[in-house]
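So this block is input32.pdb, PDB, C-alpha atoms:
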ATOM      1  CA  MET A   1       8.786 -21.303  -6.018
ATOM      2  CA  GLY A   2       5.608 -19.956  -4.430
ATOM      3  CA  LEU A   3       4.306 -20.918  -1.015
ATOM      4  CA  THR A   4       3.928 -24.688  -1.313
ATOM      5  CA  ASP A   5       4.809 -27.704  -3.465
ATOM      6  CA  SER A   6       1.361 -29.286  -3.092
ATOM      7  CA  ALA A   7      -0.685 -29.098  -6.312
ATOM      8  CA  GLU A   8      -3.952 -29.041  -4.362
ATOM      9  CA  ALA A   9      -2.765 -26.227  -2.101
ATOM     10  CA  GLN A  10      -1.509 -24.258  -5.115
ATOM     11  CA  LEU A  11      -4.943 -24.534  -6.753
ATOM     12  CA  VAL A  12      -6.694 -23.327  -3.597
ATOM     13  CA  LEU A  13      -4.227 -20.432  -3.199
ATOM     14  CA  SER A  14      -4.540 -19.429  -6.858
ATOM     15  CA  VAL A  15      -8.356 -19.246  -6.608
ATOM     16  CA  LEU A  16      -8.091 -17.296  -3.342
ATOM     17  CA  PHE A  17      -5.470 -14.869  -4.701
ATOM     18  CA  LEU A  18      -7.427 -14.371  -7.935
ATOM     19  CA  LEU A  19     -10.585 -13.564  -5.971
ATOM     20  CA  ILE A  20      -8.675 -11.141  -3.720
ATOM     21  CA  TYR A  21      -7.034  -9.491  -6.736
ATOM     22  CA  LEU A  22     -10.364  -9.021  -8.540
ATOM     23  CA  ILE A  23     -11.850  -7.448  -5.389
ATOM     24  CA  THR A  24      -8.735  -5.250  -5.124
ATOM     25  CA  VAL A  25      -9.059  -4.038  -8.718
ATOM     26  CA  LEU A  26     -12.811  -3.433  -8.478
ATOM     27  CA  GLY A  27     -12.589  -1.775  -5.052
ATOM     28  CA  ASN A  28      -9.728   0.586  -5.864
ATOM     29  CA  MET A  29     -10.919   1.410  -9.386
ATOM     30  CA  GLY A  30     -14.381   2.007  -7.955
ATOM     31  CA  MET A  31     -12.965   4.360  -5.317
ATOM     32  CA  ILE A  32     -11.005   6.315  -7.948
ATOM     33  CA  LEU A  33     -14.041   6.599 -10.265
ATOM     34  CA  ILE A  34     -16.467   7.661  -7.534
ATOM     35  CA  ILE A  35     -14.087  10.376  -6.296
ATOM     36  CA  HIS A  36     -13.446  11.550  -9.869
ATOM     37  CA  LEU A  37     -17.124  11.617 -10.878
ATOM     38  CA  ASP A  38     -18.569  13.266  -7.756
ATOM     39  CA  PRO A  39     -17.630  16.979  -7.377
ATOM     40  CA  GLN A  40     -18.453  16.942  -3.656
ATOM     41  CA  LEU A  41     -15.497  14.608  -3.080
ATOM     42  CA  HIS A  42     -12.982  16.947  -4.722
ATOM     43  CA  THR A  43     -11.323  17.757  -1.374
ATOM     44  CA  PRO A  44      -7.799  17.114  -0.038
ATOM     45  CA  MET A  45      -8.780  13.960   1.872
ATOM     46  CA  TYR A  46     -10.260  12.291  -1.199
ATOM     47  CA  TYR A  47      -7.396  13.569  -3.338
ATOM     48  CA  PHE A  48      -5.101  11.496  -1.110
ATOM     49  CA  LEU A  49      -7.500   8.532  -1.153
ATOM     50  CA  THR A  50      -7.373   8.561  -4.968
ATOM     51  CA  HIS A  51      -3.586   8.272  -4.851
ATOM     52  CA  LEU A  52      -3.735   5.605  -2.127
ATOM     53  CA  SER A  53      -6.092   3.533  -4.290
ATOM     54  CA  PHE A  54      -3.749   4.007  -7.261
ATOM     55  CA  LEU A  55      -0.739   2.852  -5.205
ATOM     56  CA  ASP A  56      -2.628  -0.154  -3.782
ATOM     57  CA  LEU A  57      -3.718  -1.152  -7.275
ATOM     58  CA  SER A  58      -0.212  -0.645  -8.651
ATOM     59  CA  TYR A  59       1.867  -2.609  -6.164
ATOM     60  CA  SER A  60      -0.698  -5.402  -6.036
ATOM     61  CA  SER A  61      -0.514  -5.613  -9.851
ATOM     62  CA  VAL A  62       3.292  -5.765  -9.694
ATOM     63  CA  ILE A  63       3.077  -8.941  -7.576
ATOM     64  CA  THR A  64      -0.210 -10.817  -7.988
ATOM     65  CA  PRO A  65      -0.414 -11.588 -11.761
ATOM     66  CA  LYS A  66       3.085 -13.123 -11.807
ATOM     67  CA  ALA A  67       2.326 -15.003  -8.573
ATOM     68  CA  LEU A  68      -0.851 -16.409 -10.145
ATOM     69  CA  GLN A  69       1.128 -17.518 -13.196
ATOM     70  CA  SER A  70       3.585 -19.357 -10.954
ATOM     71  CA  LEU A  71       0.757 -21.052  -9.033
ATOM     72  CA  LEU A  72      -1.363 -22.040 -12.055
ATOM     73  CA  THR A  73       1.300 -23.072 -14.567
ATOM     74  CA  SER A  74       4.583 -24.923 -14.651
ATOM     75  CA  THR A  75       6.327 -21.670 -15.662
ATOM     76  CA  LYS A  76       7.916 -20.518 -12.432
ATOM     77  CA  SER A  77      10.919 -18.717 -13.904
ATOM     78  CA  ILE A  78      11.468 -14.972 -14.094
ATOM     79  CA  SER A  79      14.216 -13.178 -15.986
ATOM     80  CA  PHE A  80      16.960 -11.342 -14.131
ATOM     81  CA  LEU A  81      15.693  -8.024 -15.534
ATOM     82  CA  GLY A  82      12.100  -8.955 -14.715
ATOM     83  CA  CYS A  83      13.046  -9.818 -11.137
ATOM     84  CA  PHE A  84      14.813  -6.505 -10.543
ATOM     85  CA  THR A  85      12.004  -4.591 -12.270
ATOM     86  CA  GLN A  86       9.545  -6.215  -9.879
ATOM     87  CA  VAL A  87      11.696  -5.229  -6.875
ATOM     88  CA  TYR A  88      12.096  -1.672  -8.204
ATOM     89  CA  LEU A  89       8.381  -1.069  -8.830
ATOM     90  CA  PHE A  90       7.296  -2.683  -5.576
ATOM     91  CA  VAL A  91       9.689  -0.601  -3.458
ATOM     92  CA  LEU A  92       8.685   2.548  -5.379
ATOM     93  CA  PHE A  93       4.958   2.066  -4.712
ATOM     94  CA  ALA A  94       5.426   0.836  -1.131
ATOM     95  CA  ALA A  95       7.714   3.743  -0.157
ATOM     96  CA  ALA A  96       5.391   6.233  -1.830
ATOM     97  CA  GLY A  97       2.564   4.666   0.174
ATOM     98  CA  CYS A  98       4.445   5.297   3.435
ATOM     99  CA  PHE A  99       4.769   9.015   2.777
ATOM    100  CA  LEU A 100       1.271   9.273   1.332
ATOM    101  CA  LEU A 101      -0.087   7.904   4.617
ATOM    102  CA  SER A 102       1.941  10.520   6.503
ATOM    103  CA  SER A 103       0.479  13.201   4.197
ATOM    104  CA  MET A 104      -2.990  11.898   5.003
ATOM    105  CA  ALA A 105      -2.211  12.148   8.724
ATOM    106  CA  TYR A 106      -1.204  15.776   8.232
ATOM    107  CA  ASP A 107      -4.439  16.285   6.288
ATOM    108  CA  CYS A 108      -6.391  14.984   9.303
ATOM    109  CA  TYR A 109      -4.410  17.367  11.520
ATOM    110  CA  VAL A 110      -5.279  20.358   9.296
ATOM    111  CA  ALA A 111      -8.956  19.326   9.106
ATOM    112  CA  ILE A 112      -9.292  19.133  12.909
ATOM    113  CA  CYS A 113      -6.719  21.618  14.238
ATOM    114  CA  SER A 114      -6.688  24.275  11.491
ATOM    115  CA  PRO A 115      -9.963  23.894   9.584
ATOM    116  CA  LEU A 116      -9.663  27.359   8.016
ATOM    117  CA  HIS A 117      -6.580  26.175   6.115
ATOM    118  CA  TYR A 118      -8.096  22.824   5.125
ATOM    119  CA  PRO A 119      -8.351  23.484   1.361
ATOM    120  CA  VAL A 120      -4.537  23.515   1.094
ATOM    121  CA  ILE A 121      -3.337  20.412  -0.783
ATOM    122  CA  MET A 122       0.151  19.037  -0.198
ATOM    123  CA  SER A 123       2.370  18.161  -3.139
ATOM    124  CA  THR A 124       2.821  14.621  -4.411
ATOM    125  CA  GLY A 125       6.445  14.376  -3.269
ATOM    126  CA  SER A 126       5.656  10.855  -2.039
ATOM    127  CA  TYR A 127       6.369   9.524  -5.537
ATOM    128  CA  VAL A 128       9.741  11.287  -5.702
ATOM    129  CA  ILE A 129      10.797   9.738  -2.392
ATOM    130  CA  GLY A 130       9.536   6.343  -3.571
ATOM    131  CA  PHE A 131      11.595   6.705  -6.762
ATOM    132  CA  MET A 132      14.727   7.505  -4.732
ATOM    133  CA  ASP A 133      14.182   4.563  -2.353
ATOM    134  CA  SER A 134      13.622   2.055  -5.141
ATOM    135  CA  SER A 135      16.636   3.315  -7.121
ATOM    136  CA  ILE A 136      18.939   2.921  -4.106
ATOM    137  CA  ASN A 137      17.480  -0.515  -3.375
ATOM    138  CA  VAL A 138      18.020  -1.880  -6.876
ATOM    139  CA  LEU A 139      21.476  -0.291  -7.285
ATOM    140  CA  CYS A 140      22.564  -1.997  -4.056
ATOM    141  CA  LEU A 141      21.203  -5.373  -5.177
ATOM    142  CA  ARG A 142      22.892  -5.023  -8.575
ATOM    143  CA  ARG A 143      26.271  -5.098  -6.816
ATOM    144  CA  LEU A 144      25.650  -8.641  -5.559
ATOM    145  CA  ASN A 145      26.845 -11.850  -7.204
ATOM    146  CA  PHE A 146      24.341 -14.658  -7.742
ATOM    147  CA  CYS A 147      26.601 -17.583  -8.529
ATOM    148  CA  ASN A 148      25.005 -20.520  -6.703
ATOM    149  CA  SER A 149      21.292 -21.280  -6.480
ATOM    150  CA  ASN A 150      18.833 -19.459  -8.734
ATOM    151  CA  VAL A 151      15.793 -20.689  -6.795
ATOM    152  CA  ILE A 152      13.862 -17.968  -4.943
ATOM    153  CA  GLN A 153      11.859 -19.534  -2.129
ATOM    154  CA  HIS A 154       9.189 -16.874  -2.268
ATOM    155  CA  LEU A 155       6.047 -15.819  -4.109
ATOM    156  CA  TYR A 156       7.867 -12.944  -5.846
ATOM    157  CA  CYS A 157      11.260 -11.194  -6.040
ATOM    158  CA  ASP A 158      11.748  -9.527  -2.672
ATOM    159  CA  THR A 159      14.845  -7.882  -1.199
ATOM    160  CA  PRO A 160      15.341 -10.240   1.813
ATOM    161  CA  ALA A 161      14.949 -13.308  -0.422
ATOM    162  CA  LEU A 162      17.512 -11.975  -2.928
ATOM    163  CA  LEU A 163      19.968 -11.116  -0.141
ATOM    164  CA  GLY A 164      19.655 -14.693   1.123
ATOM    165  CA  LEU A 165      20.270 -16.011  -2.388
ATOM    166  CA  SER A 166      23.492 -14.059  -3.020
ATOM    167  CA  CYS A 167      26.922 -15.622  -2.591
ATOM    168  CA  SER A 168      28.471 -12.182  -1.905
ATOM    169  CA  ASP A 169      29.166 -10.647   1.469
ATOM    170  CA  THR A 170      25.969  -8.677   1.994
ATOM    171  CA  GLN A 171      26.749  -7.122   5.380
ATOM    172  CA  ASP A 172      27.515  -3.605   4.090
ATOM    173  CA  LEU A 173      24.550  -3.641   1.705
ATOM    174  CA  GLU A 174      22.268  -4.885   4.462
ATOM    175  CA  ILE A 175      23.301  -1.935   6.629
ATOM    176  CA  MET A 176      22.715   0.510   3.772
ATOM    177  CA  LEU A 177      19.313  -0.965   2.877
ATOM    178  CA  PHE A 178      18.389  -1.067   6.571
ATOM    179  CA  ILE A 179      19.212   2.649   6.846
ATOM    180  CA  VAL A 180      17.174   3.491   3.732
ATOM    181  CA  ALA A 181      14.170   1.398   4.783
ATOM    182  CA  GLY A 182      14.485   2.527   8.387
ATOM    183  CA  SER A 183      14.673   6.197   7.379
ATOM    184  CA  THR A 184      11.554   5.851   5.227
ATOM    185  CA  LEU A 185       9.580   4.210   8.014
ATOM    186  CA  VAL A 186      10.912   6.441  10.817
ATOM    187  CA  LEU A 187      10.326   9.689   8.910
ATOM    188  CA  SER A 188       6.814   8.760   7.836
ATOM    189  CA  LEU A 189       5.896   7.345  11.263
ATOM    190  CA  SER A 190       7.344  10.404  13.009
ATOM    191  CA  SER A 191       5.226  12.660  10.809
ATOM    192  CA  ILE A 192       2.146  10.537  11.489
ATOM    193  CA  SER A 193       2.829  10.434  15.251
ATOM    194  CA  GLY A 194       3.372  14.199  15.412
ATOM    195  CA  SER A 195       0.128  14.836  13.558
ATOM    196  CA  TYR A 196      -1.854  12.540  15.837
ATOM    197  CA  VAL A 197      -0.353  13.941  19.040
ATOM    198  CA  SER A 198      -1.573  17.371  17.932
ATOM    199  CA  ILE A 199      -4.935  15.910  16.914
ATOM    200  CA  LEU A 200      -5.370  14.153  20.269
ATOM    201  CA  SER A 201      -4.431  17.327  22.127
ATOM    202  CA  THR A 202      -7.048  19.283  20.172
ATOM    203  CA  ILE A 203      -9.724  16.609  20.643
ATOM    204  CA  LEU A 204      -9.213  16.547  24.415
ATOM    205  CA  LYS A 205      -9.911  20.301  24.486
ATOM    206  CA  ILE A 206     -13.314  19.817  22.827
ATOM    207  CA  ASN A 207     -16.062  20.100  25.426
ATOM    208  CA  SER A 208     -18.938  18.267  23.742
ATOM    209  CA  THR A 209     -19.025  14.469  23.507
ATOM    210  CA  ALA A 210     -20.529  14.709  20.017
ATOM    211  CA  GLY A 211     -17.651  16.930  18.895
ATOM    212  CA  LYS A 212     -15.049  14.498  20.232
ATOM    213  CA  LYS A 213     -16.805  11.559  18.576
ATOM    214  CA  LYS A 214     -16.928  13.368  15.229
ATOM    215  CA  ALA A 215     -13.240  14.296  15.487
ATOM    216  CA  PHE A 216     -12.234  10.717  16.320
ATOM    217  CA  SER A 217     -14.344   9.304  13.472
ATOM    218  CA  THR A 218     -12.637  11.704  11.027
ATOM    219  CA  CYS A 219      -9.304   9.884  11.371
ATOM    220  CA  ALA A 220     -10.303   6.434  12.702
ATOM    221  CA  SER A 221     -10.073   4.792   9.254
ATOM    222  CA  HIS A 222      -6.632   6.259   8.654
ATOM    223  CA  VAL A 223      -5.332   5.034  12.028
ATOM    224  CA  LEU A 224      -6.500   1.488  11.196
ATOM    225  CA  GLY A 225      -4.926   1.611   7.730
ATOM    226  CA  VAL A 226      -1.629   2.946   9.094
ATOM    227  CA  THR A 227      -1.487   0.294  11.834
ATOM    228  CA  ILE A 228      -2.002  -2.607   9.433
ATOM    229  CA  PHE A 229       0.390  -1.299   6.776
ATOM    230  CA  PHE A 230       3.326  -0.262   8.966
ATOM    231  CA  SER A 231       3.191  -3.210  11.376
ATOM    232  CA  THR A 232       3.665  -5.728   8.535
ATOM    233  CA  MET A 233       6.347  -3.574   6.869
ATOM    234  CA  ILE A 234       8.368  -3.267  10.087
ATOM    235  CA  PHE A 235       7.998  -6.989  10.823
ATOM    236  CA  THR A 236       9.316  -7.915   7.370
ATOM    237  CA  TYR A 237      12.072  -5.410   6.602
ATOM    238  CA  LEU A 238      13.559  -3.900   9.755
ATOM    239  CA  LYS A 239      15.624  -6.920  10.727
ATOM    240  CA  PRO A 240      18.901  -8.571   9.626
ATOM    241  CA  LYS A 241      19.100 -11.308   6.997
ATOM    242  CA  THR A 242      20.035 -13.875   9.653
ATOM    243  CA  SER A 243      16.560 -13.588  11.200
ATOM    244  CA  TYR A 244      14.847 -14.234   7.856
ATOM    245  CA  SER A 245      12.258 -16.993   8.339
ATOM    246  CA  LEU A 246      10.900 -18.495   5.117
ATOM    247  CA  GLY A 247       7.350 -19.419   6.123
ATOM    248  CA  ARG A 248       6.784 -16.526   8.518
ATOM    249  CA  ASP A 249       8.111 -13.864   6.153
ATOM    250  CA  GLN A 250       6.234 -15.318   3.192
ATOM    251  CA  MET A 251       2.917 -15.031   5.026
ATOM    252  CA  ALA A 252       3.681 -11.457   6.126
ATOM    253  CA  SER A 253       4.597 -10.552   2.534
ATOM    254  CA  VAL A 254       1.395 -12.097   1.176
ATOM    255  CA  PHE A 255      -0.588 -10.061   3.694
ATOM    256  CA  TYR A 256       0.758  -6.632   2.750
ATOM    257  CA  THR A 257       1.190  -7.241  -1.006
ATOM    258  CA  ILE A 258      -2.077  -9.038  -1.746
ATOM    259  CA  VAL A 259      -4.472  -8.637   1.201
ATOM    260  CA  ILE A 260      -3.904  -5.012   2.348
ATOM    261  CA  PRO A 261      -4.656  -3.475  -1.102
ATOM    262  CA  MET A 262      -8.022  -5.246  -0.918
ATOM    263  CA  LEU A 263      -8.741  -3.988   2.615
ATOM    264  CA  ASN A 264      -8.097  -0.279   2.093
ATOM    265  CA  PRO A 265     -11.236   0.568   0.030
ATOM    266  CA  PRO A 266     -13.639  -0.907   2.638
ATOM    267  CA  ILE A 267     -11.587   0.576   5.518
ATOM    268  CA  TYR A 268     -11.873   4.077   4.061
ATOM    269  CA  SER A 269     -15.404   3.831   2.649
ATOM    270  CA  LEU A 270     -17.644   1.543   4.724
ATOM    271  CA  ARG A 271     -17.741   3.924   7.700
ATOM    272  CA  ASN A 272     -17.690   6.984   5.459
ATOM    273  CA  LYS A 273     -21.132   8.396   4.696
ATOM    274  CA  GLU A 274     -19.718  10.817   2.125
ATOM    275  CA  VAL A 275     -18.371   7.975  -0.033
ATOM    276  CA  LYS A 276     -21.620   5.996   0.294
ATOM    277  CA  ASN A 277     -23.698   9.023  -0.651
ATOM    278  CA  ALA A 278     -21.357   9.811  -3.542
ATOM    279  CA  ALA A 279     -21.703   6.246  -4.848
ATOM    280  CA  LEU A 280     -25.505   6.588  -4.711
ATOM    281  CA  ARG A 281     -25.379   9.939  -6.527
ATOM    282  CA  VAL A 282     -23.162   8.482  -9.273
ATOM    283  CA  LEU A 283     -25.508   5.508  -9.706
ATOM    284  CA  GLN A 284     -28.565   7.790  -9.771
ATOM    285  CA  LYS A 285     -26.961  10.005 -12.426
ATOM    286  CA  ARG A 286     -26.143   6.940 -14.501
ATOM    287  CA  GLU A 287     -29.693   5.647 -14.163
ATOM    288  CA  GLY A 288     -31.046   9.088 -15.084
ATOM    289  CA  CYS A 289     -28.897   9.150 -18.227
ATOM    290  CA  ARG A 290     -30.173   5.703 -19.236
ATOM    291  CA  GLN A 291     -33.763   6.820 -18.852
ATOM    292  CA  LEU A 292     -33.150   9.927 -20.995
ATOM    293  CA  ILE A 293     -31.514   7.804 -23.687
ATOM    294  CA  SER A 294     -34.374   5.290 -23.658
ATOM    295  CA  GLN A 295     -36.908   8.128 -24.069
TER     296      GLN A 295
END
Could I get this structure in the form of structure tokens?
Amino acid sequence: MGLTDSAEAQLVLSVLFLLIYLITVLGNMGMILIIHLDPQLHTPMYYFLTHLSFLDLSYSSVITPKALQSLLTSTKSISFLGCFTQVYLFVLFAAAGCFLLSSMAYDCYVAICSPLHYPVIMSTGSYVIGFMDSSINVLCLRRLNFCNSNVIQHLYCDTPALLGLSCSDTQDLEIMLFIVAGSTLVLSLSSISGSYVSILSTILKINSTAGKKKAFSTCASHVLGVTIFFSTMIFTYLKPKTSYSLGRDQMASVFYTIVIPMLNPPIYSLRNKEVKNAALRVLQKREGCRQLISQ
């Protein structure tokens, strides 16, 4: 059903969401291309940023196009299979994002605390964990009966909204899903916290002010990204169905599904001289190729 019944508000939201989505696609695709095309960015940190951009682009694309269709047209329906596919893919990419952020925190730890071992790249087990989380989520939801209303008061198919829609007793499933979601968030946050405690301890031992500033700037973007991502996730999912608030939860969901994927490229690149310089080098190479072709 979207966010509002007002035709004027739907038009404004559709234009806003379309603009945000286009910026998301351009920003994340641009980040992936710059990292791929510039050899100097072929390091662990930018390896993780490539995957973060891919995940942001993916879970935004799972939600936004269908949301735009609902806002711009009279077609607001979604098939049962389509609804569960949307839930499955969203949970997969979101859970993978949690563990990718924890991998990036460990990468910061290695860069600052053990620079001699920095070239070591961690595996992409984040996707495996995301696959497991999403499979459990959808298998639990498949056990529910939906025998009354088929109206989802949300912008997309989300787990809390589907739990509220079911006519089954969802208490046991809520506990199971709470444990799965809680374990994902606690494990990834524990890994991030452990990495940053070690980082802070190392930074405090640095004598020079310039050295401390450089060390802080190395991970400042990641801290901001982690704070925004996890705070909205915890607010939305780590609570019982009885505390589900339609308007409040809808706005939180819009923020982390549509807005956050747009914010990550500027968060990780605007204060990063390496990315700016890489973008300039890529543009200069492209311009050089054009001049050779024209000659």
>> Given the point (25.8, -13.5, 1.3) in the coordinates of this file, which residues lie within 12 Å, counting all atoms listed in the file, and how would they look as number ranges by chain?
In response: A: 141, 143-149, 160-174, 240-242
Selected residues written out with C-alpha atoms, as an mmCIF file, in the frame of the given file:
data_model
loop_
_atom_site.group_PDB
_atom_site.id
_atom_site.type_symbol
_atom_site.label_atom_id
_atom_site.label_comp_id
_atom_site.auth_asym_id
_atom_site.auth_seq_id
_atom_site.Cartn_x
_atom_site.Cartn_y
_atom_site.Cartn_z
ATOM 1 C CA LEU A 141 21.203 -5.373 -5.177
ATOM 2 C CA ARG A 143 26.271 -5.098 -6.816
ATOM 3 C CA LEU A 144 25.650 -8.641 -5.559
ATOM 4 C CA ASN A 145 26.845 -11.850 -7.204
ATOM 5 C CA PHE A 146 24.341 -14.658 -7.742
ATOM 6 C CA CYS A 147 26.601 -17.583 -8.529
ATOM 7 C CA ASN A 148 25.005 -20.520 -6.703
ATOM 8 C CA SER A 149 21.292 -21.280 -6.480
ATOM 9 C CA PRO A 160 15.341 -10.240 1.813
ATOM 10 C CA ALA A 161 14.949 -13.308 -0.422
ATOM 11 C CA LEU A 162 17.512 -11.975 -2.928
ATOM 12 C CA LEU A 163 19.968 -11.116 -0.141
ATOM 13 C CA GLY A 164 19.655 -14.693 1.123
ATOM 14 C CA LEU A 165 20.270 -16.011 -2.388
ATOM 15 C CA SER A 166 23.492 -14.059 -3.020
ATOM 16 C CA CYS A 167 26.922 -15.622 -2.591
ATOM 17 C CA SER A 168 28.471 -12.182 -1.905
ATOM 18 C CA ASP A 169 29.166 -10.647 1.469
ATOM 19 C CA THR A 170 25.969 -8.677 1.994
ATOM 20 C CA GLN A 171 26.749 -7.122 5.380
ATOM 21 C CA ASP A 172 27.515 -3.605 4.090
ATOM 22 C CA LEU A 173 24.550 -3.641 1.705
ATOM 23 C CA GLU A 174 22.268 -4.885 4.462
ATOM 24 C CA PRO A 240 18.901 -8.571 9.626
ATOM 25 C CA LYS A 241 19.100 -11.308 6.997
ATOM 26 C CA THR A 242 20.035 -13.875 9.653
#
>> Starting from the PyMOL selection byres ((chain A and resi 128) around 12), expand the selection into actual residues of this file and give them as a list in words.
In response: Leu92, Phe93, Ala95, Ala96, Gly97, Phe99, Leu100, Ser123, Thr124, Gly125, Ser126, Tyr127, Ile129, Gly130, Phe131, Met132, Asp133, Ser134 and Ser135 of chain A
Take the residues just selected and output them with C-alpha atoms as a compact mmCIF listing (two decimals), keeping the file's coordinate frame.
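What landed in selection-v9.txt:
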# COMPACT_ATOMS: atom_id res chain seq x y z
CA LEU A 92 8.68 2.55 -5.38
CA PHE A 93 4.96 2.07 -4.71
CA ALA A 95 7.71 3.74 -0.16
CA ALA A 96 5.39 6.23 -1.83
CA GLY A 97 2.56 4.67 0.17
CA PHE A 99 4.77 9.02 2.78
CA LEU A 100 1.27 9.27 1.33
CA SER A 123 2.37 18.16 -3.14
CA THR A 124 2.82 14.62 -4.41
CA GLY A 125 6.44 14.38 -3.27
CA SER A 126 5.66 10.86 -2.04
CA TYR A 127 6.37 9.52 -5.54
CA ILE A 129 10.80 9.74 -2.39
CA GLY A 130 9.54 6.34 -3.57
CA PHE A 131 11.60 6.70 -6.76
CA MET A 132 14.73 7.50 -4.73
CA ASP A 133 14.18 4.56 -2.35
CA SER A 134 13.62 2.06 -5.14
CA SER A 135 16.64 3.32 -7.12
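Checking A:Ile228, A:Leu204, A:Met262, A:Leu101 one by one against Ser188 in chain A, counting all atoms listed in the file, you find the shortest gap at A:Leu101.
Computed from the coordinates, the CA of Leu26 in chain A to CA of Cys98 in chain A distance equals 22.7 Å.
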>> At a cut-off of 12 Å, using all atoms listed in the file, what residues contact Val12 in chain A? Leave out same-chain residues fewer than 6 positions from it and give the result as a ChimeraX atom specification.
In response: /A:3-4,6,18-19,68,71-72
>> Ranking A:Ser208, A:Gln10, A:Thr159, A:Ser102 by minimum distance to His222 in chain A and counting all atoms listed in the file, which one comes first?
In response: A:Ser102
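Applied to this file, the PyMOL selection byres ((chain A and resi 181) around 10) selects Val91, Ala95, Asp133, Ser134, Asn137, Ile175, Met176, Leu177, Phe178, Ile179, Val180, Gly182, Ser183, Thr184, Leu185, Val186, Met233, Ile234, Tyr237 and Leu238 of chain A.
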Just to be explicit: take each residue in the selection above, keep C-alpha atoms, and write the result as a short mmCIF file (atom, residue, chain, number, x, y, z; two decimals), in the frame of the given file.
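The resulting again.cif:
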data_model
loop_
_atom_site.label_atom_id
_atom_site.label_comp_id
_atom_site.auth_asym_id
_atom_site.auth_seq_id
_atom_site.Cartn_x
_atom_site.Cartn_y
_atom_site.Cartn_z
CA VAL A 91 9.69 -0.60 -3.46
CA ALA A 95 7.71 3.74 -0.16
CA ASP A 133 14.18 4.56 -2.35
CA SER A 134 13.62 2.06 -5.14
CA ASN A 137 17.48 -0.52 -3.38
CA ILE A 175 23.30 -1.94 6.63
CA MET A 176 22.72 0.51 3.77
CA LEU A 177 19.31 -0.96 2.88
CA PHE A 178 18.39 -1.07 6.57
CA ILE A 179 19.21 2.65 6.85
CA VAL A 180 17.17 3.49 3.73
CA GLY A 182 14.48 2.53 8.39
CA SER A 183 14.67 6.20 7.38
CA THR A 184 11.55 5.85 5.23
CA LEU A 185 9.58 4.21 8.01
CA VAL A 186 10.91 6.44 10.82
CA MET A 233 6.35 -3.57 6.87
CA ILE A 234 8.37 -3.27 10.09
CA TYR A 237 12.07 -5.41 6.60
CA LEU A 238 13.56 -3.90 9.76
#
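Using all atoms listed in the file, the shortest contact distance between Phe90 in chain A and any of A:Ile112, A:Ile258, A:Val197, A:Ala210 is found at A:Ile258.
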> Between A:Ser53, A:Ser253, A:Thr43, A:Ser14, which one has atoms that come closest to Pro65 in chain A, using only C-alpha atoms?
Replying inline: A:Ser14
>> Please list as a VMD selection string every residue within 10 Å of Ile203 in chain A, counting only C-alpha atoms and excluding residues in the same chain fewer than 2 positions away.
In response: chain A and resid 112 to 113 197 to 201 205 to 209 211 to 216
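Closest approach to Ile260 in chain A from the set A:Ala105, A:Ile20, A:Leu280, A:Leu139 is made by A:Ile20, with distances taken over only C-alpha atoms.
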> Suppose you want the space between CA of Leu13 in chain A and CA of Pro265 in chain A; what is it in Å?
Replying inline: 22.4 Å
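Going from CA of His154 in chain A over to CA of Asn264 in chain A, you cover 24.4 Å.
Those residues positioned at most 10 Å from (-1.9, 11.9, 7.6) are A:Met45, A:Phe48, A:Phe99, A:Leu100, A:Leu101, A:Ser102, A:Ser103, A:Met104, A:Ala105, A:Tyr106, A:Asp107, A:Cys108, A:Tyr109, A:Val110, A:Ser188, A:Leu189, A:Ser191, A:Ile192, A:Ser193, A:Gly194, A:Ser195, A:Tyr196, A:Cys219, A:His222, A:Val223, A:Val226, judged using only C-alpha atoms.
The shortest atom-to-atom distance to Thr257 in chain A, with all atoms listed in the file taken into account, belongs to A:Ser60 out of A:Ser60, A:Ser79, A:Thr85, A:Thr232.
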>> I'd like the residues picked by the PyMOL selection byres ((chain A and resi 34) around 12) written out as number ranges by chain, using the chain letters and numbers from the file.
In response: A: 26-33, 35-42, 46-47, 49-50, 53, 265, 269, 274-283, 285-286
> If we count only C-alpha atoms, what is near Ile63 in chain A at a cut-off of 12 Å, once residues fewer than 2 positions away on the same chain are taken out, given as a VMD selection string?
Replying inline: chain A and resid 2 17 to 18 21 56 to 61 65 to 70 82 to 83 85 to 91 93 to 94 154 to 158 253 to 259 261
Please write C-alpha atoms of range 15-26 of chain A, from the structure given just now, as a compact mmCIF listing (two decimals), in the first residue's frame.
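Listed below is the output, result-v2.txt:
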# COMPACT_ATOMS: atom_id res chain seq x y z
CA VAL A 15 10.15 11.58 -7.83
CA LEU A 16 12.25 11.67 -4.65
CA PHE A 17 12.78 7.89 -4.57
CA LEU A 18 13.60 7.80 -8.29
CA LEU A 19 16.20 10.54 -7.84
CA ILE A 20 17.71 8.75 -4.83
CA TYR A 21 17.77 5.44 -6.71
CA LEU A 22 19.50 6.97 -9.75
CA ILE A 23 22.13 8.53 -7.46
CA THR A 24 22.50 5.15 -5.72
CA VAL A 25 23.06 3.31 -9.01
CA LEU A 26 25.48 5.92 -10.38
